[in-house]
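Enquirer: Got data-v6.pdb for you, PDB, C-alpha atoms:
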```
ATOM      1  CA  MET K  12     108.959 126.859  91.673
ATOM      2  CA  ARG K  13     105.699 127.888  93.361
ATOM      3  CA  GLU K  14     103.936 128.130  89.989
ATOM      4  CA  ASP K  15     105.243 124.703  89.020
ATOM      5  CA  ILE K  16     103.885 123.186  92.228
ATOM      6  CA  ALA K  17     100.484 124.819  91.754
ATOM      7  CA  SER K  18     100.179 123.394  88.241
ATOM      8  CA  LEU K  19     100.826 119.780  89.283
ATOM      9  CA  ARG K  20      97.656 117.754  88.966
ATOM     10  CA  ASN K  21      96.369 114.415  87.730
ATOM     11  CA  GLU K  22      92.869 113.287  86.905
ATOM     12  CA  TYR K  23      91.772 110.173  88.789
ATOM     13  CA  THR K  24      89.854 107.749  86.610
ATOM     14  CA  GLN K  25      91.005 104.207  87.427
ATOM     15  CA  ALA K  26      88.142 102.924  89.556
ATOM     16  CA  GLU K  27      85.163 103.704  91.742
ATOM     17  CA  LEU K  28      83.994 102.728  95.202
ATOM     18  CA  ASN K  29      80.338 102.479  96.168
ATOM     19  CA  GLU K  30      78.129 101.084  98.866
ATOM     20  CA  GLY K  31      76.724  98.401  96.567
ATOM     21  CA  THR K  32      80.046  96.657  95.990
ATOM     22  CA  ILE K  33      81.996  97.108  99.227
ATOM     23  CA  ASP K  34      82.195  94.392 101.845
ATOM     24  CA  VAL K  35      80.151  95.029 104.982
ATOM     25  CA  ASN K  36      83.190  93.975 107.005
ATOM     26  CA  PRO K  37      86.102  96.462 106.761
ATOM     27  CA  PHE K  38      88.684  93.760 107.480
ATOM     28  CA  ASN K  39      87.499  91.895 104.373
ATOM     29  CA  GLN K  40      87.523  95.115 102.337
ATOM     30  CA  PHE K  41      91.070  95.822 103.503
ATOM     31  CA  GLU K  42      92.166  92.322 102.519
ATOM     32  CA  LYS K  43      90.624  92.749  99.063
ATOM     33  CA  TRP K  44      92.384  96.063  98.434
ATOM     34  CA  PHE K  45      95.656  94.878  99.941
ATOM     35  CA  THR K  46      95.638  91.789  97.710
ATOM     36  CA  GLU K  47      95.064  94.021  94.679
ATOM     37  CA  ALA K  48      97.894  96.329  95.793
ATOM     38  CA  VAL K  49     100.299  93.393  96.053
ATOM     39  CA  ALA K  50      99.205  92.047  92.668
ATOM     40  CA  SER K  51      99.771  95.463  91.077
ATOM     41  CA  GLU K  52     103.452  95.253  92.090
ATOM     42  CA  ILE K  53     103.573  98.768  93.519
ATOM     43  CA  LEU K  54     106.578  99.520  95.706
ATOM     44  CA  GLU K  55     106.128  98.167  99.242
ATOM     45  CA  PRO K  56     102.333  97.886  99.458
ATOM     46  CA  ASN K  57     102.751  97.111 103.173
ATOM     47  CA  ALA K  58     104.327 100.524 103.869
ATOM     48  CA  MET K  59     102.066 102.613 106.101
ATOM     49  CA  VAL K  60     102.350 105.994 107.762
ATOM     50  CA  LEU K  61     101.969 105.670 111.522
ATOM     51  CA  SER K  62     100.793 108.773 113.390
ATOM     52  CA  THR K  63     101.215 109.189 117.142
ATOM     53  CA  VAL K  64     100.744 112.115 119.516
ATOM     54  CA  SER K  65     103.134 113.476 122.145
ATOM     55  CA  LYS K  66     102.158 114.241 125.737
ATOM     56  CA  ASN K  67     101.771 117.874 124.621
ATOM     57  CA  GLY K  68      99.384 116.943 121.823
ATOM     58  CA  ILE K  69     101.949 117.372 119.026
ATOM     59  CA  PRO K  70     101.497 114.802 116.230
ATOM     60  CA  SER K  71     104.338 113.003 114.492
ATOM     61  CA  GLN K  72     104.425 110.572 111.584
ATOM     62  CA  ARG K  73     106.796 108.006 110.159
ATOM     63  CA  THR K  74     106.610 105.120 107.714
ATOM     64  CA  VAL K  75     106.595 101.610 109.169
ATOM     65  CA  LEU K  76     105.921  98.232 107.573
ATOM     66  CA  LEU K  77     102.839  96.105 108.125
ATOM     67  CA  LYS K  78     103.978  92.625 109.133
ATOM     68  CA  ASP K  79     100.733  90.873 110.004
ATOM     69  CA  ALA K  80      97.041  91.405 109.322
ATOM     70  CA  ASN K  81      94.132  89.451 110.713
ATOM     71  CA  LYS K  82      90.651  89.934 112.181
ATOM     72  CA  GLU K  83      92.168  91.372 115.363
ATOM     73  CA  GLY K  84      94.143  94.134 113.693
ATOM     74  CA  TYR K  85      97.404  95.165 112.069
ATOM     75  CA  THR K  86     100.905  94.537 113.427
ATOM     76  CA  PHE K  87     104.214  96.345 113.037
ATOM     77  CA  TYR K  88     107.518  96.033 114.903
ATOM     78  CA  THR K  89     109.818  98.648 116.383
ATOM     79  CA  ASN K  90     112.058  99.695 119.251
ATOM     80  CA  TYR K  91     109.831 100.268 122.289
ATOM     81  CA  ASP K  92     112.162 103.046 123.485
ATOM     82  CA  SER K  93     111.840 104.978 120.212
ATOM     83  CA  LYS K  94     109.852 108.191 119.945
ATOM     84  CA  LYS K  95     106.819 106.324 118.633
ATOM     85  CA  GLY K  96     107.122 103.727 121.387
ATOM     86  CA  ARG K  97     107.272 106.383 124.099
ATOM     87  CA  GLU K  98     104.293 108.215 122.610
ATOM     88  CA  ILE K  99     102.219 105.036 122.313
ATOM     89  CA  GLU K 100     103.015 104.249 125.943
ATOM     90  CA  ARG K 101     101.448 107.587 126.947
ATOM     91  CA  ASN K 102      98.628 107.574 124.407
ATOM     92  CA  PRO K 103      97.764 104.324 122.569
ATOM     93  CA  HIS K 104      95.463 106.048 120.050
ATOM     94  CA  VAL K 105      97.167 105.936 116.640
ATOM     95  CA  SER K 106      96.418 106.299 112.946
ATOM     96  CA  LEU K 107      97.660 104.213 110.014
ATOM     97  CA  LEU K 108      97.676 105.487 106.427
ATOM     98  CA  PHE K 109      98.297 103.252 103.415
ATOM     99  CA  PRO K 110      99.120 105.610 100.480
ATOM    100  CA  TRP K 111      98.702 103.608  97.290
ATOM    101  CA  TYR K 112      99.185 106.480  94.833
ATOM    102  CA  ASP K 113      99.602 104.324  91.729
ATOM    103  CA  LEU K 114      96.171 102.832  92.359
ATOM    104  CA  GLU K 115      94.626 106.221  93.242
ATOM    105  CA  ARG K 116      93.698 104.732  96.614
ATOM    106  CA  GLN K 117      94.386 105.183 100.279
ATOM    107  CA  ILE K 118      93.180 103.571 103.491
ATOM    108  CA  ILE K 119      93.160 105.317 106.870
ATOM    109  CA  ILE K 120      92.752 103.224 110.023
ATOM    110  CA  THR K 121      92.397 104.665 113.510
ATOM    111  CA  GLY K 122      92.579 102.564 116.630
ATOM    112  CA  LYS K 123      94.518 101.622 119.735
ATOM    113  CA  ALA K 124      97.981 100.071 119.738
ATOM    114  CA  GLN K 125      98.943  97.388 122.216
ATOM    115  CA  LYS K 126     102.088  95.290 122.521
ATOM    116  CA  VAL K 127     101.955  91.788 121.076
ATOM    117  CA  SER K 128     103.105  88.862 123.208
ATOM    118  CA  LYS K 129     106.822  88.354 123.706
ATOM    119  CA  GLU K 130     106.501  84.962 122.013
ATOM    120  CA  THR K 131     105.073  86.617 118.904
ATOM    121  CA  SER K 132     107.899  89.175 118.888
ATOM    122  CA  VAL K 133     110.541  86.454 119.333
ATOM    123  CA  ASN K 134     109.138  84.417 116.453
ATOM    124  CA  TYR K 135     109.069  87.402 114.128
ATOM    125  CA  PHE K 136     112.505  88.642 115.221
ATOM    126  CA  HIS K 137     114.114  85.313 114.330
ATOM    127  CA  SER K 138     112.407  85.322 110.928
ATOM    128  CA  ARG K 139     114.261  88.539 110.005
ATOM    129  CA  PRO K 140     117.582  88.550 108.147
ATOM    130  CA  ARG K 141     120.545  88.312 110.523
ATOM    131  CA  GLU K 142     121.682  91.807 109.478
ATOM    132  CA  SER K 143     118.307  93.240 110.548
ATOM    133  CA  GLN K 144     118.511  91.450 113.884
ATOM    134  CA  LEU K 145     121.921  92.983 114.523
ATOM    135  CA  GLY K 146     120.593  96.383 113.455
ATOM    136  CA  ALA K 147     117.879  96.198 116.126
ATOM    137  CA  TRP K 148     120.614  95.756 118.737
ATOM    138  CA  ALA K 149     122.876  98.453 117.277
ATOM    139  CA  SER K 150     120.362 101.299 117.122
ATOM    140  CA  GLN K 151     119.057 103.190 120.131
ATOM    141  CA  GLN K 152     116.261 104.418 117.921
ATOM    142  CA  SER K 153     115.417 108.147 118.047
ATOM    143  CA  ASN K 154     118.395 108.955 120.299
ATOM    144  CA  GLU K 155     120.837 111.599 119.072
ATOM    145  CA  ILE K 156     124.282 110.389 117.910
ATOM    146  CA  ALA K 157     127.376 112.311 116.812
ATOM    147  CA  ASP K 158     127.838 110.569 113.443
ATOM    148  CA  ARG K 159     127.228 107.327 111.551
ATOM    149  CA  SER K 160     130.570 105.804 112.566
ATOM    150  CA  ILE K 161     129.128 105.151 116.037
ATOM    151  CA  LEU K 162     126.509 102.841 114.536
ATOM    152  CA  GLU K 163     129.033 101.107 112.298
ATOM    153  CA  GLU K 164     131.443 100.491 115.160
ATOM    154  CA  LYS K 165     128.661  99.151 117.345
ATOM    155  CA  LEU K 166     127.484  96.864 114.563
ATOM    156  CA  LYS K 167     130.985  95.464 114.144
ATOM    157  CA  MET K 168     131.191  94.809 117.882
ATOM    158  CA  LEU K 169     127.840  93.020 117.812
ATOM    159  CA  GLU K 170     128.888  90.882 114.834
ATOM    160  CA  GLU K 171     131.836  89.680 116.901
ATOM    161  CA  ARG K 172     129.739  89.221 120.032
ATOM    162  CA  PHE K 173     127.129  87.046 118.324
ATOM    163  CA  LEU K 174     129.466  85.249 115.904
ATOM    164  CA  ASN K 175     128.105  81.727 115.303
ATOM    165  CA  LYS K 176     125.413  82.353 117.939
ATOM    166  CA  GLU K 177     121.678  82.899 117.854
ATOM    167  CA  ILE K 178     120.880  86.575 118.282
ATOM    168  CA  PRO K 179     118.378  87.033 121.145
ATOM    169  CA  LEU K 180     115.436  89.398 121.023
ATOM    170  CA  PRO K 181     116.365  92.766 122.586
ATOM    171  CA  GLU K 182     114.270  93.497 125.664
ATOM    172  CA  ASN K 183     113.167  96.855 124.204
ATOM    173  CA  TRP K 184     112.126  95.574 120.784
ATOM    174  CA  GLY K 185     108.872  94.006 119.632
ATOM    175  CA  GLY K 186     105.519  94.368 117.980
ATOM    176  CA  TYR K 187     102.405  96.464 118.329
ATOM    177  CA  LEU K 188      98.944  95.335 117.293
ATOM    178  CA  VAL K 189      96.707  98.195 116.159
ATOM    179  CA  ILE K 190      93.087  97.310 116.937
ATOM    180  CA  PRO K 191      90.874  99.334 114.560
ATOM    181  CA  GLU K 192      88.062 101.604 115.668
ATOM    182  CA  SER K 193      87.464 103.113 112.220
ATOM    183  CA  PHE K 194      88.442 102.626 108.578
ATOM    184  CA  GLU K 195      88.244 105.057 105.683
ATOM    185  CA  PHE K 196      88.638 103.742 102.128
ATOM    186  CA  TRP K 197      89.422 106.485  99.614
ATOM    187  CA  GLN K 198      89.248 106.061  95.845
ATOM    188  CA  GLY K 199      90.259 108.904  93.539
ATOM    189  CA  ARG K 200      87.568 110.000  91.075
ATOM    190  CA  ALA K 201      87.208 112.518  88.261
ATOM    191  CA  SER K 202      86.650 116.218  89.011
ATOM    192  CA  ARG K 203      88.032 115.661  92.515
ATOM    193  CA  LEU K 204      84.696 114.108  93.528
ATOM    194  CA  HIS K 205      86.464 111.238  95.247
ATOM    195  CA  ASP K 206      84.762 108.248  96.868
ATOM    196  CA  ARG K 207      85.205 108.029 100.653
ATOM    197  CA  ILE K 208      83.599 105.110 102.476
ATOM    198  CA  TYR K 209      83.848 105.229 106.257
ATOM    199  CA  TYR K 210      83.390 102.348 108.719
ATOM    200  CA  GLN K 211      82.844 103.131 112.416
ATOM    201  CA  ASP K 212      82.953 100.431 115.073
ATOM    202  CA  GLU K 213      79.655 100.634 116.975
ATOM    203  CA  MET K 214      80.083  97.461 118.964
ATOM    204  CA  GLU K 215      82.096  94.287 118.611
ATOM    205  CA  GLY K 216      81.474  92.869 115.154
ATOM    206  CA  THR K 217      79.100  95.657 114.063
ATOM    207  CA  TRP K 218      80.232  98.451 111.769
ATOM    208  CA  LYS K 219      78.309 101.533 110.679
ATOM    209  CA  ILE K 220      79.044 102.356 107.020
ATOM    210  CA  SER K 221      78.673 105.859 105.641
ATOM    211  CA  ARG K 222      79.812 107.912 102.666
ATOM    212  CA  LEU K 223      81.828 111.059 103.299
ATOM    213  CA  SER K 224      81.847 114.065 101.008
ATOM    214  CA  PRO K 225      85.240 114.473  99.293
TER     215      PRO K 225
END
```
Is it possible to express this structure as structure tokens?
Expert:
Amino acid sequence: MREDIASLRNEYTQAELNEGTIDVNPFNQFEKWFTEAVASEILEPNAMVLSTVSKNGIPSQRTVLLKDANKEGYTFYTNYDSKKGREIERNPHVSLLFPWYDLERQIIITGKAQKVSKETSVNYFHSRPRESQLGAWASQQSNEIADRSILEEKLKMLEERFLNKEIPLPENWGGYLVIPESFEFWQGRASRLHDRIYYQDEMEGTWKISRLSP
């Protein structure tokens, strides 16, 4: 098995990324690449790996879904009492990774996460399928449970409780806006000489652009 793993490799030849063609604004560059990812019909182009850090400095990652993107930042939703929510409460510095393997691309964003307004969370919550709304109530995310039947029984109870009623937003559920401090756009290239373009926020509205060695 170890030999099989060591022999796995692909040559990256689909595209290139250079300073002459990128947008000077990383939000615009993100939008361009995200639009191309959606058009390519890859699986869940809005899936991103969120990294947080515990109070002891131990990192953890999980995949979440991007639900809004604008010139302020990038929004996802979760249970505020989850492991990621507790870690963000202690340390708002996070990282987002968009792994678009089929396009030989990835984007890494670092920044600070802050809660969106309750109104924004309510509006998004009620746009979700009813089953997803009930799921947010049923799961005490990241807490240990004995087996799956506990979740299923709780879901059934909630279905009865909210039968023919609007499901309210749970108090411990809502969105985070990640406000970027840096972006890295990575494009796979031949001979492992990949293109890495890095944007660093120097002051509001001004970004320093540099190329990183692969």
Enquirer: Between K:Ser51, K:Ser224, K:Gln25, K:Thr74, which is the closest to Phe87 in chain K once you count all atoms listed in the file?
Expert: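 Using all atoms listed in the file, the shortest distance to Phe87 in chain K belongs to K:Thr74.
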Enquirer: Quick one: residues within 7 Å of (80.6, 109.9, 103.4) (file frame), counting only C-alpha atoms, please, as a PDB file with C-alpha atoms, keeping the file's coordinate frame.
Expert:
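out_37.pdb written:
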```
ATOM      1  CA  ARG K 207      85.205 108.029 100.653  1.00  0.00           C
ATOM      2  CA  ILE K 208      83.599 105.110 102.476  1.00  0.00           C
ATOM      3  CA  TYR K 209      83.848 105.229 106.257  1.00  0.00           C
ATOM      4  CA  SER K 221      78.673 105.859 105.641  1.00  0.00           C
ATOM      5  CA  ARG K 222      79.812 107.912 102.666  1.00  0.00           C
ATOM      6  CA  LEU K 223      81.828 111.059 103.299  1.00  0.00           C
ATOM      7  CA  SER K 224      81.847 114.065 101.008  1.00  0.00           C
TER       8      SER K 224
END
```
Enquirer: For CA of Arg101 in chain K and CA of Leu162 in chain K, determine how far apart the two atoms are, in Å to one decimal place.
Expert: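 Between CA of Arg101 in chain K and CA of Leu162 in chain K the gap is 28.4 Å.
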Enquirer: In Å to one decimal, how far is CA of Lys82 in chain K from CA of Pro37 in chain K?
Expert: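 A separation of 9.6 Å between them.
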Enquirer: Can you spell out as a count of residues only the set of residues that the PyMOL selection byres ((chain K and resi 111-118) around 12) selects in the structure I just provided?
Expert: 54
Enquirer: From the options K:Val75, K:Ile190, K:Met12, K:Leu19, which residue's atoms come nearest to Thr89 in chain K, counting all atoms listed in the file?
Expert: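 Closest residue, counting all atoms listed in the file: K:Val75.
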Enquirer: Under the rule that only C-alpha atoms are counted, which of K:Gly68, K:Gly185, K:Pro225, K:Pro191 is the nearest residue to Val105 in chain K?
Expert: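 Going through K:Gly68, K:Gly185, K:Pro225, K:Pro191 one by one, the smallest distance to Val105 in chain K is for K:Pro191.
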Enquirer: The centre and edge lengths of an axis-aligned box containing all atoms of range 42-56 of chain K present in the file, extended by 4 Å on each side, are to be given in Å to one decimal, as AutoDock Vina command-line options.
Expert:
```
--center_x 98.6 --center_y 95.7 --center_z 96.8 --size_x 24.0 --size_y 15.7 --size_z 19.4
```
Enquirer: Could you tell me how far CA of Ile99 in chain K lies from CA of Thr63 in chain K, in Å and to one decimal?
Expert: 6.7 Å
Enquirer: Please evaluate the PyMOL selection byres ((chain K and resi 125) around 7) against the displayed coordinates and give the resulting residues as a list of chain:residue names.
Expert: K:Lys123, K:Ala124, K:Lys126, K:Val127, K:Tyr187, K:Leu188, K:Val189
Enquirer: Would you output that residue set with C-alpha atoms, as a short mmCIF file (atom, residue, chain, number, x, y, z; two decimals), in the coordinates of the input?
Expert:
```cif
data_model
loop_
_atom_site.label_atom_id
_atom_site.label_comp_id
_atom_site.auth_asym_id
_atom_site.auth_seq_id
_atom_site.Cartn_x
_atom_site.Cartn_y
_atom_site.Cartn_z
CA LYS K 123 94.52 101.62 119.74
CA ALA K 124 97.98 100.07 119.74
CA LYS K 126 102.09 95.29 122.52
CA VAL K 127 101.96 91.79 121.08
CA TYR K 187 102.40 96.46 118.33
CA LEU K 188 98.94 95.34 117.29
CA VAL K 189 96.71 98.20 116.16
#
```
Enquirer: Which residue, K:Leu180, K:Ile69, K:Met214, K:Leu204, has the smallest gap to Gln144 in chain K when you use all atoms listed in the file?
Expert: K:Leu180
Enquirer: Please provide the set of residues having any atom within 10 Å of Phe136 in chain K, restricted to only C-alpha atoms, with same-chain residues fewer than 4 positions apart removed, written as a list in words.
Expert: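 Residues meeting the cut-off are Tyr88, Glu130, Thr131, Ser132, Pro140, Arg141, Ser143, Gln144, Ala147, Ile178, Pro179, Leu180, Pro181, Trp184, Gly185 and Gly186 of chain K.
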Enquirer: Going by the chain IDs and residue numbers used in this file, which residues fall under the PyMOL selection byres ((chain K and resi 70) around 12)? Write them as a PDB file with C-alpha atoms, in the coordinates of the input.
Expert:
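The resulting file, selection.pdb, is reproduced below:
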```
ATOM      1  CA  LEU K  61     101.969 105.670 111.522  1.00  0.00           C
ATOM      2  CA  SER K  62     100.793 108.773 113.390  1.00  0.00           C
ATOM      3  CA  THR K  63     101.215 109.189 117.142  1.00  0.00           C
ATOM      4  CA  VAL K  64     100.744 112.115 119.516  1.00  0.00           C
ATOM      5  CA  SER K  65     103.134 113.476 122.145  1.00  0.00           C
ATOM      6  CA  LYS K  66     102.158 114.241 125.737  1.00  0.00           C
ATOM      7  CA  ASN K  67     101.771 117.874 124.621  1.00  0.00           C
ATOM      8  CA  GLY K  68      99.384 116.943 121.823  1.00  0.00           C
ATOM      9  CA  ILE K  69     101.949 117.372 119.026  1.00  0.00           C
ATOM     10  CA  SER K  71     104.338 113.003 114.492  1.00  0.00           C
ATOM     11  CA  GLN K  72     104.425 110.572 111.584  1.00  0.00           C
ATOM     12  CA  ARG K  73     106.796 108.006 110.159  1.00  0.00           C
ATOM     13  CA  LYS K  94     109.852 108.191 119.945  1.00  0.00           C
ATOM     14  CA  LYS K  95     106.819 106.324 118.633  1.00  0.00           C
ATOM     15  CA  GLU K  98     104.293 108.215 122.610  1.00  0.00           C
ATOM     16  CA  ILE K  99     102.219 105.036 122.313  1.00  0.00           C
ATOM     17  CA  ASN K 102      98.628 107.574 124.407  1.00  0.00           C
ATOM     18  CA  HIS K 104      95.463 106.048 120.050  1.00  0.00           C
ATOM     19  CA  VAL K 105      97.167 105.936 116.640  1.00  0.00           C
ATOM     20  CA  SER K 106      96.418 106.299 112.946  1.00  0.00           C
TER      21      SER K 106
END
```
Enquirer: Atoms are missing here; could range 70-86 of chain K be completed with N, CA and C atoms and written as a compact mmCIF listing (two decimals), in the coordinates of the input?
Expert:
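In the end it all went to result-v5.txt:
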```txt
# COMPACT_ATOMS: atom_id res chain seq x y z
N PRO K 70 101.47 116.04 117.01
CA PRO K 70 101.50 114.80 116.23
C PRO K 70 102.85 114.59 115.56
N SER K 71 103.16 113.34 115.29
CA SER K 71 104.34 113.00 114.49
C SER K 71 104.01 111.78 113.65
N GLN K 72 104.68 111.67 112.51
CA GLN K 72 104.42 110.57 111.58
C GLN K 72 105.74 109.96 111.14
N ARG K 73 105.67 108.69 110.76
CA ARG K 73 106.80 108.01 110.16
C ARG K 73 106.25 106.78 109.42
N THR K 74 107.03 106.30 108.46
CA THR K 74 106.61 105.12 107.71
C THR K 74 107.13 103.87 108.40
N VAL K 75 106.23 102.92 108.63
CA VAL K 75 106.60 101.61 109.17
C VAL K 75 106.02 100.56 108.22
N LEU K 76 106.37 99.30 108.46
CA LEU K 76 105.92 98.23 107.57
C LEU K 76 104.94 97.30 108.28
N LEU K 77 103.82 97.07 107.63
CA LEU K 77 102.84 96.10 108.12
C LEU K 77 103.44 94.71 108.03
N LYS K 78 103.39 93.96 109.13
CA LYS K 78 103.98 92.62 109.13
C LYS K 78 102.98 91.52 109.43
N ASP K 79 101.78 91.88 109.83
CA ASP K 79 100.73 90.87 110.00
C ASP K 79 99.39 91.57 109.95
N ALA K 80 98.40 90.88 109.41
CA ALA K 80 97.04 91.40 109.32
C ALA K 80 96.07 90.26 109.54
N ASN K 81 95.15 90.46 110.47
CA ASN K 81 94.13 89.45 110.71
C ASN K 81 92.87 90.14 111.24
N LYS K 82 91.92 89.37 111.73
CA LYS K 82 90.65 89.93 112.18
C LYS K 82 90.77 90.67 113.51
N GLU K 83 91.94 90.59 114.14
CA GLU K 83 92.17 91.37 115.36
C GLU K 83 92.68 92.76 115.03
N GLY K 84 93.57 92.85 114.04
CA GLY K 84 94.14 94.13 113.69
C GLY K 84 95.40 94.00 112.87
N TYR K 85 96.26 95.02 112.97
CA TYR K 85 97.40 95.16 112.07
C TYR K 85 98.68 95.38 112.89
N THR K 86 99.71 94.60 112.59
CA THR K 86 100.90 94.54 113.43
C THR K 86 102.13 95.11 112.73
```
